[in-house]
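Student: mmCIF, C-alpha atoms, saved as start-v3.cif, coming up:
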data_my_file
loop_
_atom_site.group_PDB
_atom_site.id
_atom_site.type_symbol
_atom_site.label_atom_id
_atom_site.label_comp_id
_atom_site.auth_asym_id
_atom_site.auth_seq_id
_atom_site.Cartn_x
_atom_site.Cartn_y
_atom_site.Cartn_z
ATOM 1 C CA MET A 29 0.000 0.000 0.000
ATOM 2 C CA GLY A 30 2.919 2.328 0.669
ATOM 3 C CA ALA A 31 4.365 1.613 -2.759
ATOM 4 C CA VAL A 32 0.988 2.326 -4.382
ATOM 5 C CA ALA A 33 0.716 5.595 -2.459
ATOM 6 C CA VAL A 34 4.178 6.754 -3.551
ATOM 7 C CA ALA A 35 3.511 5.789 -7.176
ATOM 8 C CA ASP A 36 0.169 7.607 -7.130
ATOM 9 C CA VAL A 37 1.671 10.817 -5.707
ATOM 10 C CA VAL A 38 4.564 10.764 -8.203
ATOM 11 C CA ALA A 39 2.481 9.890 -11.266
ATOM 12 C CA GLY A 40 -0.571 11.976 -10.408
ATOM 13 C CA PRO A 41 -4.226 11.116 -11.011
ATOM 14 C CA SER A 42 -3.810 10.482 -14.721
ATOM 15 C CA LEU A 43 -2.566 6.852 -14.347
ATOM 16 C CA GLY A 44 -5.203 5.798 -11.792
ATOM 17 C CA PHE A 45 -3.184 3.934 -9.147
ATOM 18 C CA LEU A 46 -5.814 4.628 -6.469
ATOM 19 C CA PRO A 47 -7.863 1.356 -6.791
ATOM 20 C CA LEU A 48 -4.677 -0.675 -6.178
ATOM 21 C CA VAL A 49 -4.785 0.362 -2.508
ATOM 22 C CA SER A 50 -7.335 -2.451 -2.025
ATOM 23 C CA VAL A 51 -4.530 -5.005 -2.571
ATOM 24 C CA GLY A 52 -3.619 -4.579 1.120
ATOM 25 C CA PRO A 53 -6.907 -5.809 2.622
ATOM 26 C CA ALA A 54 -7.070 -8.462 -0.110
ATOM 27 C CA PHE A 55 -3.882 -10.148 1.171
ATOM 28 C CA ALA A 56 -4.386 -9.484 4.890
ATOM 29 C CA PRO A 57 -6.712 -12.503 5.485
ATOM 30 C CA LEU A 58 -3.990 -14.876 4.303
ATOM 31 C CA VAL A 59 -1.675 -14.157 7.232
ATOM 32 C CA GLY A 60 -3.749 -12.574 9.985
ATOM 33 C CA GLY A 61 -6.963 -12.734 11.958
ATOM 34 C CA TRP A 62 -10.025 -10.524 11.746
ATOM 35 C CA LYS A 63 -8.451 -7.757 13.857
ATOM 36 C CA ARG A 64 -5.450 -7.483 11.578
ATOM 37 C CA THR A 65 -7.654 -7.610 8.479
ATOM 38 C CA ALA A 66 -9.911 -4.882 9.885
ATOM 39 C CA CYS A 67 -6.906 -2.708 10.774
ATOM 40 C CA VAL A 68 -5.371 -3.117 7.327
ATOM 41 C CA GLY A 69 -8.753 -2.344 5.765
ATOM 42 C CA GLY A 70 -9.158 0.778 7.893
ATOM 43 C CA LEU A 71 -5.633 1.945 7.042
ATOM 44 C CA SER A 72 -6.299 1.283 3.380
ATOM 45 C CA LEU A 73 -9.520 3.284 3.563
ATOM 46 C CA LEU A 74 -7.759 6.261 5.179
ATOM 47 C CA LEU A 75 -4.981 6.048 2.600
ATOM 48 C CA CYS A 76 -7.526 5.933 -0.207
ATOM 49 C CA VAL A 77 -9.356 9.001 1.112
ATOM 50 C CA ALA A 78 -6.053 10.866 1.554
ATOM 51 C CA LEU A 79 -4.872 10.037 -1.959
ATOM 52 C CA GLY A 80 -8.274 10.985 -3.343
ATOM 53 C CA TRP A 81 -7.950 14.378 -1.647
ATOM 54 C CA VAL A 82 -4.409 14.839 -3.018
ATOM 55 C CA ASP A 83 -5.575 13.869 -6.502
ATOM 56 C CA ASP A 84 -8.705 16.002 -6.139
ATOM 57 C CA LEU A 85 -10.961 13.001 -6.708
ATOM 58 C CA THR A 86 -13.170 13.327 -3.627
ATOM 59 C CA ASP A 87 -16.150 14.533 -5.619
ATOM 60 C CA MET A 88 -15.548 12.409 -8.674
ATOM 61 C CA ARG A 89 -16.846 8.942 -9.524
ATOM 62 C CA ARG A 90 -13.333 7.432 -9.603
ATOM 63 C CA GLY A 91 -12.704 8.404 -5.998
ATOM 64 C CA VAL A 92 -16.033 7.014 -4.789
ATOM 65 C CA MET A 93 -15.471 3.742 -6.640
ATOM 66 C CA ALA A 94 -11.997 3.395 -5.137
ATOM 67 C CA VAL A 95 -13.358 3.846 -1.606
ATOM 68 C CA GLY A 96 -16.176 1.406 -2.354
ATOM 69 C CA SER A 97 -13.721 -1.210 -3.634
ATOM 70 C CA VAL A 98 -11.640 -0.935 -0.470
ATOM 71 C CA LEU A 99 -14.733 -1.372 1.707
ATOM 72 C CA GLY A 100 -15.925 -4.344 -0.359
ATOM 73 C CA VAL A 101 -12.553 -6.108 -0.289
ATOM 74 C CA THR A 102 -12.241 -5.529 3.480
ATOM 75 C CA VAL A 103 -15.664 -7.065 4.147
ATOM 76 C CA ALA A 104 -14.829 -10.008 1.874
ATOM 77 C CA GLY A 105 -11.532 -10.422 3.734
ATOM 78 C CA LEU A 106 -13.299 -10.583 7.094
ATOM 79 C CA VAL A 107 -15.620 -13.276 5.734
ATOM 80 C CA ALA A 108 -12.586 -15.182 4.383
ATOM 81 C CA VAL A 109 -10.896 -14.979 7.798
ATOM 82 C CA SER A 110 -13.959 -16.473 9.450
ATOM 83 C CA MET A 111 -14.079 -19.336 6.945
ATOM 84 C CA ARG A 112 -10.306 -19.934 7.253
ATOM 85 C CA ARG A 113 -10.509 -20.115 11.043
ATOM 86 C CA LYS A 114 -13.346 -22.622 10.783
ATOM 87 C CA ARG A 115 -11.313 -24.826 8.410
ATOM 88 C CA GLU A 116 -8.271 -24.573 10.679
ATOM 89 C CA ALA A 117 -10.374 -25.697 13.650
ATOM 90 C CA GLU A 118 -11.680 -28.665 11.655
ATOM 91 C CA LEU A 119 -8.145 -29.593 10.567
ATOM 92 C CA GLU A 120 -6.880 -29.386 14.141
ATOM 93 C CA SER A 121 -9.700 -31.672 15.247
ATOM 94 C CA VAL A 122 -8.805 -34.196 12.539
ATOM 95 C CA ARG A 123 -5.141 -34.026 13.555
ATOM 96 C CA SER A 124 -5.975 -34.697 17.198
ATOM 97 C CA ILE A 125 -8.086 -37.700 16.192
ATOM 98 C CA ALA A 126 -5.245 -38.996 14.003
ATOM 99 C CA GLU A 127 -2.768 -38.609 16.855
ATOM 100 C CA ALA A 128 -5.101 -40.512 19.180
ATOM 101 C CA ALA A 129 -5.470 -43.254 16.561
ATOM 102 C CA GLN A 130 -1.701 -43.432 16.228
ATOM 103 C CA ARG A 131 -1.278 -43.880 19.975
ATOM 104 C CA VAL A 132 -3.758 -46.758 19.873
ATOM 105 C CA LEU A 133 -2.482 -48.377 16.679
ATOM 106 C CA LEU A 134 1.267 -47.750 16.897
ATOM 107 C CA LYS A 135 2.032 -47.702 20.583
ATOM 108 C CA PRO A 136 5.503 -46.516 21.581
ATOM 109 C CA VAL A 137 7.813 -49.515 21.640
ATOM 110 C CA PRO A 138 9.525 -50.244 24.979
ATOM 111 C CA LYS A 139 13.026 -48.793 25.049
ATOM 112 C CA LEU A 140 14.199 -51.827 27.014
ATOM 113 C CA ALA A 141 12.991 -55.343 26.246
ATOM 114 C CA GLY A 142 14.899 -58.068 28.023
ATOM 115 C CA ARG A 143 18.567 -57.601 27.141
ATOM 116 C CA LEU A 144 17.676 -55.488 24.124
ATOM 117 C CA ARG A 145 17.363 -51.770 23.506
ATOM 118 C CA ALA A 146 14.746 -50.817 20.923
ATOM 119 C CA ALA A 147 14.104 -47.692 18.886
ATOM 120 C CA VAL A 148 11.706 -46.935 16.083
ATOM 121 C CA SER A 149 11.389 -44.314 13.347
ATOM 122 C CA TYR A 150 8.266 -43.687 11.280
ATOM 123 C CA THR A 151 8.008 -41.172 8.449
ATOM 124 C CA SER A 152 4.729 -40.804 6.596
ATOM 125 C CA ALA A 153 4.724 -40.091 2.869
ATOM 126 C CA MET A 154 1.962 -37.533 3.445
ATOM 127 C CA ALA A 155 3.127 -34.379 5.190
ATOM 128 C CA GLU A 156 -0.067 -33.989 7.241
ATOM 129 C CA ALA A 157 -0.481 -37.659 8.068
ATOM 130 C CA ARG A 158 0.237 -39.205 11.440
ATOM 131 C CA ILE A 159 -0.478 -42.831 10.565
ATOM 132 C CA GLY A 160 -0.353 -44.989 7.471
ATOM 133 C CA GLY A 161 0.024 -48.554 6.277
ATOM 134 C CA ASP A 162 3.363 -49.402 7.893
ATOM 135 C CA LEU A 163 3.300 -51.224 11.228
ATOM 136 C CA TYR A 164 5.673 -52.374 13.953
ATOM 137 C CA GLU A 165 5.542 -53.877 17.431
ATOM 138 C CA VAL A 166 7.860 -55.273 20.113
ATOM 139 C CA VAL A 167 6.594 -57.880 22.595
ATOM 140 C CA ALA A 168 8.657 -59.348 25.429
ATOM 141 C CA ALA A 169 7.397 -62.951 25.521
ATOM 142 C CA PRO A 170 8.651 -65.787 27.765
ATOM 143 C CA GLN A 171 10.415 -67.359 24.773
ATOM 144 C CA GLY A 172 12.280 -64.127 23.942
ATOM 145 C CA VAL A 173 11.702 -60.706 22.455
ATOM 146 C CA ARG A 174 9.362 -60.960 19.479
ATOM 147 C CA VAL A 175 8.968 -58.178 16.944
ATOM 148 C CA ILE A 176 7.087 -57.520 13.733
ATOM 149 C CA VAL A 177 7.545 -54.952 10.990
ATOM 150 C CA GLY A 178 5.074 -54.914 8.136
ATOM 151 C CA ASP A 179 3.740 -52.942 5.208
ATOM 152 C CA VAL A 180 0.089 -52.949 4.156
ATOM 153 C CA GLN A 181 -0.634 -52.751 0.457
ATOM 154 C CA GLY A 182 -2.584 -49.612 -0.363
ATOM 155 C CA LYS A 183 -3.218 -46.285 1.326
ATOM 156 C CA GLY A 184 -5.856 -44.504 3.350
ATOM 157 C CA LEU A 185 -8.231 -45.729 6.018
ATOM 158 C CA GLU A 186 -8.401 -49.267 4.613
ATOM 159 C CA ALA A 187 -4.645 -49.634 5.068
ATOM 160 C CA VAL A 188 -4.895 -48.312 8.624
ATOM 161 C CA GLU A 189 -7.718 -50.769 9.357
ATOM 162 C CA THR A 190 -5.656 -53.677 8.019
ATOM 163 C CA ALA A 191 -2.619 -52.567 10.039
ATOM 164 C CA ALA A 192 -4.741 -52.527 13.197
ATOM 165 C CA LEU A 193 -5.940 -56.061 12.416
ATOM 166 C CA VAL A 194 -2.397 -57.398 11.958
ATOM 167 C CA LEU A 195 -1.052 -55.718 15.080
ATOM 168 C CA GLY A 196 -3.935 -56.962 17.215
ATOM 169 C CA ALA A 197 -3.440 -60.529 16.047
ATOM 170 C CA PHE A 198 0.324 -60.366 16.571
ATOM 171 C CA ARG A 199 0.100 -58.918 20.087
ATOM 172 C CA GLU A 200 -2.168 -61.757 21.137
ATOM 173 C CA ALA A 201 -0.342 -64.584 19.360
ATOM 174 C CA ALA A 202 3.141 -63.449 20.432
ATOM 175 C CA LEU A 203 2.254 -64.018 24.078
ATOM 176 C CA ASP A 204 0.197 -67.189 23.603
ATOM 177 C CA GLU A 205 2.201 -69.304 21.162
ATOM 178 C CA ALA A 206 5.366 -71.148 22.183
ATOM 179 C CA ASP A 207 6.883 -71.248 18.692
ATOM 180 C CA LEU A 208 7.454 -68.351 16.280
ATOM 181 C CA GLN A 209 6.148 -70.404 13.362
ATOM 182 C CA GLU A 210 2.897 -70.907 15.249
ATOM 183 C CA VAL A 211 2.719 -67.150 15.764
ATOM 184 C CA GLY A 212 3.056 -66.715 12.006
ATOM 185 C CA SER A 213 0.446 -69.379 11.247
ATOM 186 C CA ARG A 214 -2.044 -67.828 13.636
ATOM 187 C CA LEU A 215 -1.357 -64.403 12.188
ATOM 188 C CA ALA A 216 -1.865 -65.697 8.641
ATOM 189 C CA ARG A 217 -5.186 -67.374 9.530
ATOM 190 C CA SER A 218 -6.469 -64.218 11.180
ATOM 191 C CA VAL A 219 -5.527 -62.019 8.213
ATOM 192 C CA ASP A 220 -6.878 -64.481 5.635
ATOM 193 C CA ARG A 221 -10.257 -64.488 7.389
ATOM 194 C CA GLN A 222 -10.512 -60.710 7.379
ATOM 195 C CA LEU A 223 -9.043 -59.614 4.050
ATOM 196 C CA ASP A 224 -10.964 -59.935 0.799
ATOM 197 C CA GLY A 225 -8.096 -61.161 -1.361
ATOM 198 C CA GLU A 226 -7.387 -57.775 -2.966
ATOM 199 C CA ARG A 227 -5.231 -56.524 -0.109
ATOM 200 C CA PHE A 228 -2.145 -58.078 1.395
ATOM 201 C CA VAL A 229 0.531 -57.373 3.992
ATOM 202 C CA THR A 230 4.244 -58.028 3.725
ATOM 203 C CA ALA A 231 5.773 -58.658 7.134
ATOM 204 C CA VAL A 232 8.833 -60.047 8.847
ATOM 205 C CA LEU A 233 8.691 -61.565 12.326
ATOM 206 C CA ALA A 234 11.757 -61.976 14.505
ATOM 207 C CA GLU A 235 12.427 -63.653 17.832
ATOM 208 C CA VAL A 236 15.648 -62.870 19.725
ATOM 209 C CA SER A 237 16.796 -65.383 22.329
ATOM 210 C CA ALA A 238 20.103 -66.844 23.535
ATOM 211 C CA HIS A 239 22.427 -65.002 21.137
ATOM 212 C CA GLN A 240 20.297 -66.040 18.179
ATOM 213 C CA VAL A 241 17.564 -64.448 16.115
ATOM 214 C CA THR A 242 14.880 -66.442 14.317
ATOM 215 C CA PHE A 243 13.082 -64.907 11.337
ATOM 216 C CA LEU A 244 9.786 -65.612 9.619
ATOM 217 C CA ASN A 245 9.386 -63.673 6.387
ATOM 218 C CA PHE A 246 6.079 -63.078 4.587
ATOM 219 C CA GLY A 247 7.367 -61.524 1.362
ATOM 220 C CA HIS A 248 9.096 -58.651 3.165
ATOM 221 C CA PRO A 249 12.523 -57.082 2.497
ATOM 222 C CA ALA A 250 15.332 -58.949 4.226
ATOM 223 C CA PRO A 251 16.328 -57.640 7.674
ATOM 224 C CA MET A 252 19.771 -56.100 8.087
ATOM 225 C CA LEU A 253 22.235 -57.364 10.698
ATOM 226 C CA VAL A 254 25.105 -55.001 11.471
ATOM 227 C CA ARG A 255 27.882 -56.890 13.237
ATOM 228 C CA ASP A 256 30.074 -55.481 15.956
ATOM 229 C CA ASP A 257 32.977 -55.237 13.479
ATOM 230 C CA GLY A 258 30.876 -53.222 11.010
ATOM 231 C CA THR A 259 30.126 -55.991 8.509
ATOM 232 C CA VAL A 260 26.574 -56.235 7.189
ATOM 233 C CA ASP A 261 24.433 -59.344 6.645
ATOM 234 C CA LEU A 262 21.053 -59.523 4.922
ATOM 235 C CA PRO A 263 19.760 -62.973 5.947
ATOM 236 C CA GLU A 264 17.125 -64.376 3.597
ATOM 237 C CA PRO A 265 15.128 -67.635 3.648
ATOM 238 C CA GLU A 266 15.882 -70.475 1.247
ATOM 239 C CA THR A 267 12.408 -70.141 -0.273
ATOM 240 C CA HIS A 268 10.308 -66.986 -0.332
ATOM 241 C CA ALA A 269 6.749 -67.086 0.966
ATOM 242 C CA LEU A 270 3.677 -65.122 -0.051
ATOM 243 C CA PRO A 271 2.576 -62.050 1.904
ATOM 244 C CA LEU A 272 -0.164 -62.254 4.500
ATOM 245 C CA GLY A 273 -3.588 -62.303 2.906
ATOM 246 C CA LEU A 274 -2.482 -64.136 -0.253
ATOM 247 C CA GLY A 275 -2.394 -67.607 1.253
ATOM 248 C CA ALA A 276 -4.052 -70.431 -0.657
ATOM 249 C CA PRO A 277 -4.840 -74.071 0.161
ATOM 250 C CA GLY A 278 -1.826 -76.274 -0.479
ATOM 251 C CA VAL A 279 0.633 -73.389 -0.505
ATOM 252 C CA ALA A 280 3.293 -73.749 2.179
ATOM 253 C CA GLY A 281 3.847 -70.898 4.571
ATOM 254 C CA PRO A 282 7.204 -69.366 5.380
ATOM 255 C CA GLN A 283 9.841 -71.494 7.073
ATOM 256 C CA PRO A 284 11.858 -70.097 9.980
ATOM 257 C CA TYR A 285 15.553 -69.378 9.474
ATOM 258 C CA ARG A 286 18.151 -68.271 11.961
ATOM 259 C CA ALA A 287 21.208 -66.086 12.327
ATOM 260 C CA GLY A 288 23.591 -65.307 15.153
ATOM 261 C CA PHE A 289 22.898 -62.168 17.183
ATOM 262 C CA LEU A 290 25.675 -61.415 19.645
ATOM 263 C CA PRO A 291 26.360 -58.505 22.011
ATOM 264 C CA GLY A 292 27.473 -55.519 19.960
ATOM 265 C CA ASP A 293 25.356 -56.540 16.951
ATOM 266 C CA GLN A 294 22.430 -54.499 15.663
ATOM 267 C CA LEU A 295 19.274 -55.683 13.938
ATOM 268 C CA LEU A 296 17.400 -53.276 11.649
ATOM 269 C CA LEU A 297 13.936 -54.163 10.375
ATOM 270 C CA TYR A 298 12.453 -51.770 7.830
ATOM 271 C CA THR A 299 9.762 -51.359 5.167
ATOM 272 C CA ASP A 300 10.276 -51.018 1.425
ATOM 273 C CA GLY A 301 9.800 -47.254 1.665
ATOM 274 C CA ILE A 302 13.461 -47.189 2.755
ATOM 275 C CA ILE A 303 15.157 -49.265 0.071
ATOM 276 C CA GLU A 304 12.857 -48.117 -2.757
ATOM 277 C CA ALA A 305 13.458 -44.413 -2.158
ATOM 278 C CA ARG A 306 15.054 -42.936 -5.279
ATOM 279 C CA ASP A 307 17.153 -39.861 -5.816
ATOM 280 C CA ARG A 308 16.785 -37.531 -8.802
ATOM 281 C CA GLY A 309 18.878 -39.889 -10.899
ATOM 282 C CA GLY A 310 16.581 -42.844 -10.167
ATOM 283 C CA ARG A 311 19.083 -44.608 -7.886
ATOM 284 C CA PHE A 312 17.681 -46.572 -4.939
ATOM 285 C CA TYR A 313 18.753 -45.745 -1.405
ATOM 286 C CA PRO A 314 21.836 -47.921 -0.604
ATOM 287 C CA LEU A 315 20.820 -48.983 2.892
ATOM 288 C CA ALA A 316 23.611 -51.534 3.379
ATOM 289 C CA GLU A 317 26.218 -48.915 2.460
ATOM 290 C CA ARG A 318 24.760 -46.556 5.068
ATOM 291 C CA ALA A 319 24.993 -49.057 7.932
ATOM 292 C CA HIS A 320 27.886 -47.068 9.428
ATOM 293 C CA LEU A 321 25.406 -44.285 10.255
ATOM 294 C CA LEU A 322 24.029 -46.493 13.053
ATOM 295 C CA LYS A 323 27.164 -46.019 15.152
ATOM 296 C CA GLU A 324 25.514 -43.474 17.485
ATOM 297 C CA GLU A 325 25.429 -44.679 21.090
ATOM 298 C CA ASP A 326 21.756 -43.779 21.453
ATOM 299 C CA PRO A 327 19.680 -46.014 19.124
ATOM 300 C CA GLU A 328 17.049 -43.307 18.616
ATOM 301 C CA ALA A 329 19.743 -40.827 17.583
ATOM 302 C CA ALA A 330 21.202 -43.447 15.236
ATOM 303 C CA LEU A 331 17.855 -43.955 13.526
ATOM 304 C CA GLU A 332 17.348 -40.203 13.212
ATOM 305 C CA THR A 333 20.761 -39.884 11.539
ATOM 306 C CA LEU A 334 19.796 -42.610 9.079
ATOM 307 C CA ARG A 335 16.405 -40.983 8.444
ATOM 308 C CA GLN A 336 17.985 -37.598 7.702
ATOM 309 C CA ASP A 337 20.392 -39.280 5.284
ATOM 310 C CA LEU A 338 17.412 -40.912 3.561
ATOM 311 C CA LEU A 339 15.653 -37.561 3.176
ATOM 312 C CA GLN A 340 18.840 -36.010 1.842
ATOM 313 C CA HIS A 341 19.126 -38.847 -0.678
ATOM 314 C CA MET A 342 15.542 -38.202 -1.814
ATOM 315 C CA ASN A 343 16.002 -34.425 -1.896
ATOM 316 C CA GLY A 344 12.237 -34.205 -1.822
ATOM 317 C CA PRO A 345 9.130 -35.766 -0.251
ATOM 318 C CA LEU A 346 8.903 -39.508 0.326
ATOM 319 C CA GLN A 347 6.755 -41.453 -2.113
ATOM 320 C CA ASP A 348 5.943 -44.178 0.423
ATOM 321 C CA ASP A 349 5.775 -44.551 4.187
ATOM 322 C CA ALA A 350 9.110 -45.449 5.763
ATOM 323 C CA ALA A 351 9.373 -47.353 9.052
ATOM 324 C CA MET A 352 12.506 -48.632 10.791
ATOM 325 C CA LEU A 353 12.911 -50.642 13.994
ATOM 326 C CA LEU A 354 16.372 -51.045 15.534
ATOM 327 C CA LEU A 355 17.321 -53.647 18.158
ATOM 328 C CA ARG A 356 20.599 -53.624 20.108
ATOM 329 C CA TYR A 357 22.027 -55.574 22.979
ATOM 330 C CA ARG A 358 22.122 -53.495 26.165
#
Take the structure I supplied and represent it as structure tokens, if you would.

Tutor:
Amino acid sequence: MGAVAVADVVAGPSLGFLPLVSVGPAFAPLVGGWKRTACVGGLSLLLCVALGWVDDLTDMRRGVMAVGSVLGVTVAGLVAVSMRRKREAELESVRSIAEAAQRVLLKPVPKLAGRLRAAVSYTSAMAEARIGGDLYEVVAAPQGVRVIVGDVQGKGLEAVETAALVLGAFREAALDEADLQEVGSRLARSVDRQLDGERFVTAVLAEVSAHQVTFLNFGHPAPMLVRDDGTVDLPEPETHALPLGLGAPGVAGPQPYRAGFLPGDQLLLYTDGIIEARDRGGRFYPLAERAHLLKEEDPEAALETLRQDLLQHMNGPLQDDAAMLLLRYR
């Protein structure tokens, strides 16, 4: 408005800068409340009257129209502020509901589970989202620490509903079943009963006990073991099984396989949003080459370092949810 006033005084009434004073109250609702919009509108009105007097337009139609435009834009701005505040209140309500759903669905994992330290990182592909289709859980069972990391096919509320189903079944089976394979079988039966055949869930289950980790993989990316000396292993089963929800009669389920897990080792379970993240050149994120980033003493800080490196590799927003769960010996 100051620039318009200076231009109008310098150029005179011949160029007709006066109506541009209404630009001020037009932009005010974008950044302020109704008080600020009203103040900017009042200032604009005074400036318009003053410039009309300088240009000797107070009794002319151009001056009256300029004042009328300022008044009209100010009133429209106040209405826009009211509507914006209402939308912001609705969005805040939705966010609070999403945060409550996240606390129910993805409970904070225990930082200490038996002889293990656990940390988790979850990054949603949608900037405003709090929850998505990735899932994780840590359960301290009598047989050892049992964990799951999974990825639901699809997006939206259906994916969240499926994730809740899988987590509920795992939390119950992990404490009831004596064998990890039985946990997987019970989980598969529960998911097969609920899903309609068009959705599926990739998941990896792990059980840590007595310096050994047992895996059960339902079509999920291989876990990453970072040894105390810095070497990296990606243990995979001899035969790959179908994801949860795609089971069929006569099709064998996944078979357990084992790997050593000694003090000083780290176990990272993750979803495909990590390894399928591409940079501008189309190159996938080299997770195994970034294993040295997990050297931080605090496991949560180590995961945050790895997450920041992932975002730097992407140099842009994630295209898929990305979840990571890190286990360390205490």

Student: Just to confirm, what's the straight-line distance from atom CA of A:Ala329 to atom CA of A:Tyr150 in Å (one decimal)?

Tutor: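 We find that atom CA of A:Ala329 and atom CA of A:Tyr150 lie 13.4 Å from each other.
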
Student: Can you work out the spacing between atom CA of A:Gln294 and atom CA of A:Arg143 in Å, to one decimal?

Tutor: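 Value for the atom CA of A:Gln294-atom CA of A:Arg143 distance: 12.5 Å.
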
Student: Go through A:Phe228, A:Leu48, A:Leu346, A:Pro53 one by one, measure the shortest atom-to-atom distance of each to A:Ala31 using only C-alpha atoms, and give the residue with the smallest value.

Tutor: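 Ranking A:Phe228, A:Leu48, A:Leu346, A:Pro53 by distance to A:Ala31, first place goes to A:Leu48.
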
Student: Specify as a list in words each residue included when the PyMOL selection byres ((chain A and resi 203) around 10) is applied to this file.

Tutor: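 Selected by the PyMOL selection byres ((chain A and resi 203) around 10) here: Val167, Ala168, Ala169, Pro170, Gln171, Arg174, Phe198, Arg199, Glu200, Ala201, Ala202, Asp204, Glu205, Ala206 and Val211 of chain A.
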
Student: Would you list the contacts of stretch 272-276 of chain A as a list of chain:residue names, taking every protein, DNA or RNA residue within 8 Å and counting only C-alpha atoms, but skipping same-chain residues closer than 3 positions in sequence?

Tutor: A:Ala216, A:Val219, A:Asp220, A:Leu223, A:Gly225, A:Arg227, A:Phe228, A:Val229, A:Thr230, A:Ala231, A:Phe246, A:Val279, A:Gly281

Student: Please list as a ChimeraX atom specification every residue within 8 Å of A:Pro47, counting only C-alpha atoms and excluding residues in the same chain fewer than 3 positions away.

Tutor: /A:44,50,93-95,97-98

Student: Between atom CA of A:Leu270 and atom CA of A:Gly247, what is the distance, to one decimal in Å?

Tutor: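 So the two atoms, atom CA of A:Leu270 and atom CA of A:Gly247, lie 5.3 Å apart.
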
Student: Taking the file as shown, what set of residues would the PyMOL selection byres ((chain A and resi 318) around 12) give back, as a list in words?

Tutor: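 The output of the PyMOL selection byres ((chain A and resi 318) around 12) on this file is Met252, Val254, Gly258, Thr259, Val260, Leu296, Ile302, Ile303, Tyr313, Pro314, Leu315, Ala316, Glu317, Ala319, His320, Leu321, Leu322, Lys323, Ala330, Leu331, Thr333, Leu334, Arg335, Gln336, Asp337, Leu338 and His341 of chain A.
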